[in-house]
$ cat protein.tsv   # TSV, C-alpha atoms and all ligand atoms
chain	number	residue	atom	x	y	z
A	5	MET	CA	104.46	147.68	86.47
A	6	LEU	CA	103.94	144.16	85.19
A	7	ASN	CA	107.11	142.24	84.59
A	8	TRP	CA	106.61	139.01	82.72
A	9	VAL	CA	109.88	137.41	83.76
A	10	LEU	CA	109.03	137.96	87.44
A	11	LEU	CA	105.46	136.75	87.03
A	12	ILE	CA	106.43	133.55	85.21
A	13	THR	CA	109.22	132.84	87.71
A	14	ILE	CA	106.78	133.21	90.64
A	15	CYS	CA	104.24	130.96	88.89
A	16	ILE	CA	106.88	128.26	88.34
A	17	ILE	CA	108.04	128.57	91.94
A	18	VAL	CA	104.47	128.23	93.31
A	19	ALA	CA	103.92	125.18	91.10
A	20	ILE	CA	107.15	123.53	92.28
A	21	SER	CA	106.33	124.34	95.90
A	22	LEU	CA	102.98	122.61	95.50
A	23	VAL	CA	104.43	119.54	93.77
A	24	LEU	CA	107.50	119.07	95.97
A	25	PRO	CA	105.69	117.71	99.09
A	26	LYS	CA	104.23	115.00	96.84
A	27	LEU	CA	107.65	113.35	96.88
A	28	ILE	CA	107.12	112.49	100.52
A	29	GLU	CA	103.40	111.78	100.25
A	30	LYS	CA	103.69	108.02	99.62
A	31	PRO	CA	106.09	107.21	102.48
A	32	LEU	CA	104.01	109.42	104.76
A	33	GLN	CA	100.85	107.58	103.81
A	34	LYS	CA	102.63	104.27	104.39
A	35	ALA	CA	103.77	105.47	107.79
A	36	ASN	CA	100.24	106.45	108.71
A	37	LYS	CA	98.93	103.08	107.60
A	38	LEU	CA	101.61	101.37	109.67
A	39	ILE	CA	100.34	103.21	112.74
A	40	SER	CA	96.83	102.01	112.24
A	41	THR	CA	97.91	98.37	111.66
A	42	SER	CA	100.26	98.43	114.63
A	43	ASN	CA	97.49	99.87	116.75
A	44	GLU	CA	95.17	97.07	115.70
A	45	ILE	CA	97.80	94.42	116.47
A	46	TYR	CA	98.46	96.05	119.83
A	47	LEU	CA	94.79	95.97	120.80
A	48	ASP	CA	94.42	92.35	119.61
A	49	THR	CA	97.48	91.35	121.62
A	50	LEU	CA	96.08	92.99	124.73
A	51	ASN	CA	92.77	91.24	124.17
A	52	ASP	CA	94.37	87.80	123.69
A	53	TRP	CA	96.63	88.08	126.69
A	54	LEU	CA	94.57	90.02	129.20
A	55	ARG	CA	91.67	87.59	129.10
A	56	GLY	CA	94.07	85.08	130.63
A	57	LEU	CA	95.34	87.51	133.24
A	58	ASP	CA	94.34	85.30	136.18
A	59	GLN	CA	96.18	82.33	134.68
A	60	LEU	CA	99.27	84.43	133.97
A	61	ARG	CA	99.23	85.65	137.56
A	62	GLN	CA	98.74	82.17	138.93
A	63	PHE	CA	101.71	80.79	137.06
A	64	ALA	CA	103.82	83.88	137.70
A	65	ALA	CA	104.06	84.44	133.97
A	66	GLY	CA	103.57	88.20	134.28
A	67	ALA	CA	106.95	88.73	132.65
A	68	LYS	CA	105.67	87.11	129.45
A	69	LEU	CA	102.67	89.45	129.46
A	70	PHE	CA	105.02	92.40	129.82
A	71	SER	CA	107.28	91.25	127.03
A	72	VAL	CA	104.48	90.57	124.52
A	73	THR	CA	102.63	93.79	125.26
A	74	GLN	CA	105.88	95.73	125.22
A	75	ASN	CA	106.76	94.16	121.92
A	76	ALA	CA	103.41	95.16	120.44
A	77	SER	CA	103.63	98.61	121.95
A	78	LYS	CA	107.18	98.99	120.63
A	79	LYS	CA	105.91	98.29	117.13
A	80	LEU	CA	103.23	100.91	117.65
A	81	GLU	CA	105.83	103.37	118.94
A	82	ASP	CA	108.12	102.60	116.01
A	83	ALA	CA	105.28	103.33	113.62
A	84	THR	CA	104.54	106.63	115.36
A	85	VAL	CA	108.22	107.52	115.25
A	86	LYS	CA	108.36	106.74	111.54
A	87	GLN	CA	105.33	108.90	110.89
A	88	THR	CA	106.78	111.76	112.91
A	89	THR	CA	110.03	111.48	110.95
A	90	TYR	CA	108.22	111.79	107.64
A	91	THR	CA	106.12	114.70	108.87
A	92	LYS	CA	109.25	116.49	109.95
A	93	LEU	CA	111.03	115.66	106.72
A	94	LEU	CA	108.11	117.18	104.92
A	95	ASN	CA	108.42	120.35	107.00
A	96	ALA	CA	112.13	120.47	106.27
A	97	ILE	CA	111.68	120.09	102.52
A	98	ASN	CA	109.07	122.83	102.56
A	99	GLY	CA	111.36	125.05	104.57
A	100	ILE	CA	114.41	124.52	102.36
A	101	ALA	CA	112.38	125.03	99.20
A	102	SER	CA	110.80	128.25	100.40
A	103	ALA	CA	114.19	129.62	101.47
A	104	LEU	CA	115.75	128.76	98.12
A	105	PHE	CA	112.89	130.20	96.14
A	106	GLY	CA	112.86	133.34	98.25
A	107	LEU	CA	116.49	133.78	97.41
A	108	ILE	CA	115.93	133.24	93.68
A	109	ILE	CA	113.18	135.88	93.57
A	110	PHE	CA	115.29	138.28	95.62
A	111	VAL	CA	118.24	137.92	93.22
A	112	LEU	CA	115.99	138.13	90.19
A	113	THR	CA	114.36	141.31	91.48
A	114	GLY	CA	117.81	142.80	92.09
A	115	PHE	CA	118.76	141.98	88.53
A	116	LEU	CA	115.55	143.52	87.18
A	117	VAL	CA	116.00	146.69	89.23
A	118	LYS	CA	119.60	146.99	88.09
A	119	ASN	CA	118.52	146.80	84.49
A	120	GLY	CA	115.72	149.31	85.04
A	121	LEU	CA	113.00	146.74	84.28
A	122	VAL	CA	111.09	147.15	87.58
A	123	GLN	CA	110.85	150.10	89.93
A	124	MET	CA	107.98	150.55	92.39
A	125	SER	CA	107.39	146.93	93.22
A	126	THR	CA	111.00	146.22	94.20
A	127	LEU	CA	110.85	147.31	97.82
A	128	LEU	CA	107.61	145.52	98.50
A	129	ILE	CA	108.81	142.24	97.01
A	130	VAL	CA	112.14	142.27	98.80
A	131	GLY	CA	110.41	143.04	102.14
A	132	ASN	CA	107.91	140.24	101.65
A	133	PHE	CA	110.50	137.69	100.74
A	134	ARG	CA	112.76	138.53	103.64
A	135	PHE	CA	109.90	137.63	105.91
A	136	TYR	CA	109.30	134.48	103.86
A	137	LEU	CA	112.94	133.54	104.16
A	138	ASN	CA	113.09	134.07	107.93
A	139	GLN	CA	110.02	131.98	108.47
A	140	ALA	CA	111.48	129.19	106.36
A	141	ILE	CA	114.76	129.17	108.26
A	142	ASN	CA	112.83	128.92	111.53
A	143	GLU	CA	110.84	126.00	110.24
A	144	ILE	CA	113.98	124.17	109.13
A	145	SER	CA	115.71	124.50	112.46
A	146	GLN	CA	112.56	123.52	114.34
A	147	ALA	CA	112.05	120.44	112.18
A	148	ARG	CA	115.67	119.43	112.50
A	149	GLY	CA	115.42	119.69	116.27
A	150	GLU	CA	112.33	117.55	116.38
A	151	MET	CA	113.95	114.94	114.15
A	152	LYS	CA	116.79	114.70	116.61
A	153	GLY	CA	114.24	114.34	119.41
A	154	VAL	CA	112.71	111.39	117.60
A	155	LYS	CA	116.12	109.70	117.50
A	156	SER	CA	116.40	109.76	121.27
A	157	LEU	CA	112.86	108.44	121.48
A	158	ILE	CA	113.81	105.42	119.38
A	159	GLU	CA	116.65	104.70	121.79
A	160	GLU	CA	114.32	105.02	124.76
A	161	VAL	CA	111.76	102.67	123.23
A	162	ASN	CA	114.46	100.11	122.42
A	163	GLU	CA	115.70	100.24	125.97
A	164	ALA	CA	112.20	99.82	127.40
A	165	ALA	CA	111.58	96.73	125.29
A	166	GLU	CA	114.56	94.85	126.73
A	167	LYS	CA	113.86	91.41	128.12
A	168	VAL	CA	112.22	91.28	131.56
A	169	GLN	CA	113.69	88.96	134.15
A	170	VAL	CA	111.40	86.11	135.13
A	171	SER	CA	111.10	85.83	138.89
A	172	ASP	CA	111.04	82.41	140.50
A	173	LYS	CA	107.73	81.24	141.84
A	174	GLN	CA	107.80	81.30	145.63
A	175	LYS	CA	106.74	78.28	147.57
A	176	THR	CA	104.49	79.45	150.36
A	177	ASN	CA	103.00	77.28	153.02
A	178	MET	CA	99.97	75.63	151.54
A	179	PRO	CA	96.94	74.80	153.66
A	180	THR	CA	96.40	71.21	154.77
A	181	VAL	CA	92.68	71.74	155.25
A	182	ILE	CA	90.17	74.01	153.52
A	183	LYS	CA	86.84	74.48	155.31
A	184	THR	CA	83.78	76.55	154.64
A	185	GLU	CA	81.48	77.79	157.41
A	186	SER	CA	77.93	78.99	156.70
A	187	LEU	CA	79.19	80.31	153.39
A	188	ARG	CA	76.81	82.56	151.49
A	189	LEU	CA	77.07	84.81	148.51
A	190	ASP	CA	74.55	87.44	147.42
A	191	PHE	CA	74.95	88.75	143.91
A	192	PRO	CA	74.05	92.38	143.21
A	193	ASN	CA	71.14	91.23	141.02
A	194	GLY	CA	69.47	89.54	144.02
A	195	GLU	CA	70.59	85.98	143.18
A	196	LYS	CA	71.70	84.21	146.37
A	197	LEU	CA	73.82	81.11	146.86
A	198	SER	CA	74.28	79.27	150.15
A	199	TYR	CA	76.64	76.36	150.70
A	200	PRO	CA	76.67	73.44	153.14
A	201	ASP	CA	79.76	73.34	155.38
A	202	ILE	CA	82.47	71.63	153.41
A	203	GLN	CA	85.88	70.29	154.42
A	204	ILE	CA	88.62	69.40	151.98
A	205	ASN	CA	91.59	67.53	153.43
A	206	GLN	CA	95.12	67.27	152.09
A	207	GLY	CA	95.54	64.75	149.30
A	208	GLU	CA	91.85	64.08	148.84
A	209	LYS	CA	90.39	63.66	145.37
A	210	ILE	CA	86.90	65.08	145.50
A	211	LEU	CA	84.28	65.11	142.80
A	212	LEU	CA	82.07	68.20	143.03
A	213	THR	CA	78.71	67.75	141.36
A	214	GLY	CA	75.33	69.46	141.28
A	215	ASP	CA	72.87	70.78	138.75
A	216	SER	CA	73.77	73.70	136.57
A	217	GLY	CA	73.59	76.92	138.57
A	218	THR	CA	74.05	75.33	142.00
A	219	GLY	CA	77.23	77.36	142.48
A	220	LYS	CA	80.06	74.92	141.76
A	221	SER	CA	82.18	77.35	139.74
A	222	THR	CA	81.33	80.10	142.21
A	223	LEU	CA	82.62	77.96	145.10
A	224	PHE	CA	86.01	77.76	143.36
A	225	LYS	CA	86.06	81.52	142.89
A	226	LEU	CA	85.28	81.98	146.58
A	227	ILE	CA	88.11	79.61	147.58
A	228	LEU	CA	90.47	81.43	145.23
A	229	GLY	CA	89.52	84.77	146.73
A	230	GLU	CA	88.21	86.05	143.39
A	231	LEU	CA	84.83	86.62	145.07
A	232	ALA	CA	84.28	87.63	148.71
A	233	PRO	CA	81.55	85.84	150.69
A	234	SER	CA	78.55	87.89	151.80
A	235	ALA	CA	78.30	85.80	154.97
A	236	GLY	CA	80.25	82.96	156.58
A	237	LYS	CA	83.86	82.27	155.76
A	238	ILE	CA	86.49	80.05	154.22
A	239	ILE	CA	89.15	78.80	156.61
A	240	PHE	CA	92.59	77.56	155.62
A	241	GLU	CA	94.48	75.51	158.21
A	242	ASP	CA	98.04	74.22	158.37
A	243	LYS	CA	98.91	70.71	159.52
A	244	ASP	CA	98.74	71.75	163.19
A	245	GLY	CA	95.23	73.12	162.80
A	246	ASN	CA	96.30	76.77	162.92
A	247	GLU	CA	94.45	79.16	160.70
A	248	ILE	CA	96.72	80.53	157.96
A	249	ASN	CA	96.52	83.06	155.16
A	250	PRO	CA	97.95	81.17	152.19
A	251	ASP	CA	98.94	82.80	148.93
A	252	LEU	CA	95.82	81.87	146.99
A	253	LYS	CA	97.59	82.43	143.68
A	254	THR	CA	99.54	79.22	144.25
A	255	ILE	CA	96.39	77.12	144.11
A	256	GLY	CA	96.19	75.47	140.70
A	257	TYR	CA	92.93	76.44	139.01
A	258	LEU	CA	91.55	75.30	135.68
A	259	PRO	CA	88.59	77.50	134.82
A	260	GLN	CA	85.49	76.13	133.08
A	261	ASP	CA	86.54	77.94	129.92
A	262	PRO	CA	90.18	76.92	129.40
A	263	VAL	CA	92.43	79.91	128.87
A	264	ILE	CA	95.07	79.53	126.18
A	265	PHE	CA	97.49	82.04	124.74
A	266	PRO	CA	98.69	82.78	121.20
A	267	ALA	CA	101.95	80.92	121.75
A	268	SER	CA	103.22	77.38	121.13
A	269	ILE	CA	101.54	74.38	122.78
A	270	LYS	CA	104.70	73.85	124.80
A	271	GLU	CA	104.70	77.43	126.08
A	272	ASN	CA	101.02	77.12	126.91
A	273	ILE	CA	101.88	74.13	129.08
A	274	THR	CA	104.94	75.59	130.80
A	275	MET	CA	103.45	79.09	130.91
A	276	PHE	CA	106.73	80.42	129.51
A	277	ASN	CA	108.86	79.00	132.29
A	278	ASN	CA	111.52	77.08	130.37
A	279	LYS	CA	112.80	75.47	133.56
A	280	LEU	CA	109.75	73.22	133.21
A	281	ASP	CA	110.57	72.10	129.66
A	282	ASN	CA	111.89	68.74	130.85
A	283	LYS	CA	108.55	67.93	132.49
A	284	VAL	CA	106.48	68.62	129.39
A	285	GLU	CA	106.90	65.26	127.71
A	286	ARG	CA	105.60	63.36	130.71
A	287	SER	CA	102.63	65.67	131.24
A	288	VAL	CA	101.73	65.33	127.56
A	289	GLU	CA	101.63	61.55	128.02
A	290	GLU	CA	99.57	61.82	131.19
A	291	VAL	CA	96.83	63.86	129.58
A	292	ASP	CA	96.76	61.72	126.43
A	293	LEU	CA	97.88	64.61	124.22
A	294	SER	CA	100.64	62.71	122.39
A	295	SER	CA	98.41	61.27	119.66
A	296	ASP	CA	96.89	64.72	119.05
A	297	LEU	CA	100.37	66.24	118.67
A	298	GLN	CA	101.28	63.71	116.00
A	299	LYS	CA	98.63	65.28	113.78
A	300	PHE	CA	100.48	68.60	113.75
A	301	ASP	CA	103.59	69.06	111.60
A	302	GLU	CA	105.26	71.20	114.24
A	303	GLY	CA	104.13	68.87	117.06
A	304	ILE	CA	104.46	70.47	120.47
A	305	ASN	CA	105.82	73.66	118.88
A	306	LYS	CA	102.59	74.31	117.02
A	307	LYS	CA	101.55	77.87	117.59
A	308	LEU	CA	97.97	78.35	118.73
A	309	ASN	CA	95.82	80.77	116.81
A	310	LEU	CA	93.05	82.24	118.93
A	311	ASP	CA	91.14	83.82	116.04
A	312	LYS	CA	90.98	80.80	113.76
A	313	LEU	CA	91.06	78.31	116.57
A	314	ASN	CA	93.34	75.61	115.20
A	315	ILE	CA	92.85	73.01	117.93
A	316	SER	CA	89.77	71.22	119.22
A	317	GLY	CA	88.00	71.92	122.52
A	318	GLY	CA	89.27	68.62	123.91
A	319	GLN	CA	92.85	69.42	122.89
A	320	ARG	CA	92.52	72.78	124.56
A	321	GLN	CA	91.42	71.09	127.79
A	322	LYS	CA	94.31	68.62	127.58
A	323	ILE	CA	96.80	71.48	127.23
A	324	VAL	CA	95.38	73.18	130.30
A	325	LEU	CA	95.40	69.89	132.23
A	326	ALA	CA	99.05	69.37	131.25
A	327	ARG	CA	99.71	72.92	132.46
A	328	ALA	CA	98.36	71.96	135.90
A	329	GLN	CA	100.51	68.83	135.88
A	330	VAL	CA	103.86	70.44	135.13
A	331	HIS	CA	103.33	73.12	137.73
A	332	ASP	CA	102.98	70.60	140.55
A	333	SER	CA	100.47	72.57	142.62
A	334	ASP	CA	99.61	71.07	146.00
A	335	ILE	CA	95.96	71.96	145.53
A	336	ILE	CA	94.27	71.82	142.13
A	337	LEU	CA	90.73	72.98	141.41
A	338	ILE	CA	89.46	71.75	138.05
A	339	ASP	CA	86.22	73.11	136.62
A	340	GLU	CA	84.83	70.71	134.00
A	341	GLY	CA	88.36	69.88	132.87
A	342	THR	CA	87.38	67.02	130.57
A	343	SER	CA	83.91	68.00	129.32
A	344	ALA	CA	85.09	68.05	125.69
A	345	ILE	CA	87.15	64.85	125.90
A	346	ASP	CA	85.53	61.49	125.13
A	347	GLN	CA	84.66	59.01	127.90
A	348	SER	CA	87.38	56.42	127.52
A	349	GLU	CA	90.08	59.08	127.27
A	350	THR	CA	88.62	60.92	130.27
A	351	ILE	CA	88.84	57.76	132.38
A	352	ASP	CA	92.41	57.27	131.24
A	353	ILE	CA	93.36	60.87	132.07
A	354	LEU	CA	91.56	60.84	135.44
A	355	ASP	CA	93.20	57.59	136.34
A	356	LYS	CA	96.65	59.14	135.94
A	357	LEU	CA	95.72	62.55	137.32
A	358	LEU	CA	94.18	61.19	140.50
A	359	LYS	CA	97.34	59.23	141.32
A	360	SER	CA	99.13	62.48	142.16
A	361	LYS	CA	99.73	63.55	145.76
A	362	ALA	CA	97.92	66.85	145.27
A	363	THR	CA	94.55	67.72	146.74
A	364	ILE	CA	92.19	67.72	143.77
A	365	VAL	CA	88.64	69.01	143.57
A	366	PHE	CA	87.08	68.23	140.21
A	367	ILE	CA	83.77	69.66	139.00
A	368	ALA	CA	81.97	67.43	136.53
A	369	HIS	CA	78.65	66.92	134.87
A	370	ASN	CA	77.27	63.62	133.63
A	371	PHE	CA	80.05	61.39	134.89
A	372	THR	CA	79.43	57.65	134.66
A	373	GLU	CA	79.45	55.38	137.71
A	374	GLU	CA	82.93	54.21	136.70
A	375	MET	CA	84.21	57.79	136.70
A	376	HIS	CA	82.61	58.52	140.09
A	377	GLU	CA	84.45	55.58	141.57
A	378	LEU	CA	87.81	57.04	140.67
A	379	PHE	CA	87.32	59.71	143.35
A	380	TYR	CA	87.60	59.34	147.13
A	381	ARG	CA	84.28	61.02	147.67
A	382	GLU	CA	81.71	63.30	146.13
A	383	ILE	CA	80.25	66.60	147.26
A	384	HIS	CA	76.88	67.17	145.69
A	385	LEU	CA	75.49	70.70	145.72
A	386	ILE	CA	71.74	71.27	145.73
A	387	LYS	CA	70.05	74.52	144.82
A	388	THR	CA	68.59	76.02	148.01
A	389	ASN	CA	66.09	78.81	147.89
A	390	ILE	CA	66.95	81.38	150.49
A	391	ASN	CA	65.72	84.89	150.97
B	401	LIG	N1	78.33	87.60	138.52
B	401	LIG	C1	77.15	87.05	138.76
B	401	LIG	N2	76.04	87.81	138.93
B	401	LIG	C2	74.85	87.26	139.18
B	401	LIG	N3	74.64	85.95	139.30
B	401	LIG	C3	75.68	85.13	139.13
B	401	LIG	C4	77.01	85.64	138.84
B	401	LIG	N4	77.86	84.59	138.73
B	401	LIG	C5	77.10	83.50	138.94
B	401	LIG	N5	75.82	83.82	139.18
B	401	LIG	C6	74.74	82.91	139.47
B	401	LIG	O1	75.16	82.02	140.47
B	401	LIG	C7	74.64	80.73	140.20
B	401	LIG	C8	75.75	79.73	140.25
B	401	LIG	O2	76.63	79.94	139.16
B	401	LIG	P1	77.86	78.97	138.92
B	401	LIG	O3	78.55	79.43	137.71
B	401	LIG	O4	78.62	78.84	140.18
B	401	LIG	O5	77.06	77.61	138.63
B	401	LIG	P2	77.64	76.18	138.30
B	401	LIG	O6	77.17	75.26	139.36
B	401	LIG	O7	79.09	76.23	138.07
B	401	LIG	O8	76.86	75.86	136.96
B	401	LIG	P3	77.35	75.06	135.64
B	401	LIG	O9	77.30	73.62	135.99
B	401	LIG	O10	76.35	75.42	134.63
B	401	LIG	O11	78.72	75.52	135.32
B	401	LIG	C9	73.94	80.80	138.86
B	401	LIG	O12	72.54	80.81	139.09
B	401	LIG	C10	74.41	82.08	138.26
B	401	LIG	O13	73.37	82.69	137.53
B	402	MG	MG	80.24	76.12	136.41
$ encode --input "protein.tsv" --output "structure tokens" --more "lines below"
Ligand SMILES: Nc1ncnc2c1ncn2[C@@H]1O[C@H](COP(=O)(O)OP(=O)(O)OP(=O)(O)O)[C@@H](O)[C@H]1O
Ligand SMILES: [Mg+2]
Amino acid sequence: MLNWVLLITICIIVAISLVLPKLIEKPLQKANKLISTSNEIYLDTLNDWLRGLDQLRQFAAGAKLFSVTQNASKKLEDATVKQTTYTKLLNAINGIASALFGLIIFVLTGFLVKNGLVQMSTLLIVGNFRFYLNQAINEISQARGEMKGVKSLIEEVNEAAEKVQVSDKQKTNMPTVIKTESLRLDFPNGEKLSYPDIQINQGEKILLTGDSGTGKSTLFKLILGELAPSAGKIIFEDKDGNEINPDLKTIGYLPQDPVIFPASIKENITMFNNKLDNKVERSVEEVDLSSDLQKFDEGINKKLNLDKLNISGGQRQKIVLARAQVHDSDIILIDEGTSAIDQSETIDILDKLLKSKATIVFIAHNFTEEMHELFYREIHLIKTNIN
């Protein structure tokens, strides 16, 4: 019953079958690793860009967000596609090998039967290997089909990552007057803020002061519609005194924590709108950024790194101030825009900034008398205890 030739052949075949997939092991491992790295990059990209979502919206730079996230997601997709290809290749190799080996054993058995070397086992072996062979053929055709499917996926992904058209920012009618009436905000944790009635007229340069926690930043968020008042209201009027509903996204806003993106300094200023490139040089001068740029080899094309922050806090504020300048908003709300910039430079920057025609409300702490005098007037908030 025991045929040595058959036994040894089967042993060799099993050994080869076990070793063969190793050929593809390395590329498959690489492909898997690529997925995990691409995934990490994708999540980091989302993190870097989404924290500046409000700024991207304000400057209509949504297209840039789409293109960078699509780029990162394309890399992730590519990695997945690569991994799928290797998995399928592995299936195919297994399939082809098992079919070939099935055939070898079948032929060998036939030879042995013919020469009277095996008898009883013949039928059983042939039956088993026919099943083996069929299964293998199925696997091959399935894998081949899936590989083709992956090809169309690559085409789809490439198509989806095509450049997005940047839409032009629309000029909407901006309010001439912004007023608040009995404005109050209750936070869910019980903290309450109430504001005096305030009026901001077109072209005014107002300094907004008050102790920490008096609600200066919150007032900006209420004006911008990021927070809804619990009582009272904010009224926007046109030049004829009619109440209007302006597009609040067109109000220039520099948050207390300047938002920058992992792109070049120039792109951070223009917010990826290259029609503004010709205005960059002037804005860089106006915010006293030129001398800082000289320190970088790449100058204005220096790419910002958000992880290992490669610029100072003051430089970051200057970039964001320049961003407000090139975008020519009619109303600009600046929250502590120069807190990290030294006094003499701040005076210099304010001096230029406040010459613009825009309505500017500027929140500041610890300004000197000289700085106060640069503004038309001051609104000073006081903490009121209400219940
Ligand atoms: N989401 C929130 N939930 C609860 N309380 C909040 C929230 N946001 C702000 N506050 C509270 O509202 C008050 C005003 O905050 P806001 O940030 O407007 O102060 P600020 O005047 O800008 O202070 P600073 O000068 O320190 O920036 C603070 O007491 C703060 O704790
Ligand atoms: Mg604040």
$ closest_residue --input "protein.tsv" --among "A:Ile269, A:Leu116, A:Ile17, A:Leu223" --to "Ile315 of chain A" --atoms "only C-alpha atoms"
A:Ile269
$ closest_residue --input "protein.tsv" --among "A:Ile351, A:Ile345, A:Leu212, A:Val263" --to "ligand LIG 401 (chain B)" --atoms "all atoms listed in the file"
A:Leu212
$ residues_near_ligand --input "protein.tsv" --ligand "ligand MG 402 (chain B)" --cutoff "9 Å" --atoms "only C-alpha atoms and all ligand atoms" --output "list in words"
Ser216, Gly217, Thr218, Gly219, Lys220, Ser221, Thr222, Pro259, Gln260, Asp339, Glu340, Ile367 and Ala368 of chain A
$ closest_residue --input "protein.tsv" --among "A:Leu313, A:Ala103, A:Ile202, A:Ala232" --to "ligand LIG 401 (chain B)" --atoms "only C-alpha atoms and all ligand atoms"
A:Ala232
$ closest_residue --input "protein.tsv" --among "A:Val291, A:Leu197, A:Ile386, A:Ile364" --to "Tyr257 of chain A" --atoms "all atoms listed in the file"
A:Ile364
$ residues_around --input "protein.tsv" --residues "Asp355 of chain A" --least-positions-apart "4" --cutoff "10 Å" --atoms "all atoms listed in the file" --output "list in words"
Glu290, Val291, Glu349, Thr350, Ile351, Lys359, Ser360, Met375, Leu378 and Phe379 of chain A
$ closest_residue --input "protein.tsv" --among "A:Ile338, A:Leu211, A:Ala235, A:Leu357" --to "Glu377 of chain A" --atoms "all atoms listed in the file"
A:Leu211
$ atom_distance --input "protein.tsv" --atom1 "atom C9 of ligand LIG 401 (chain B)" --atom2 "atom CA of Leu226 of chain A"
13.8 Å
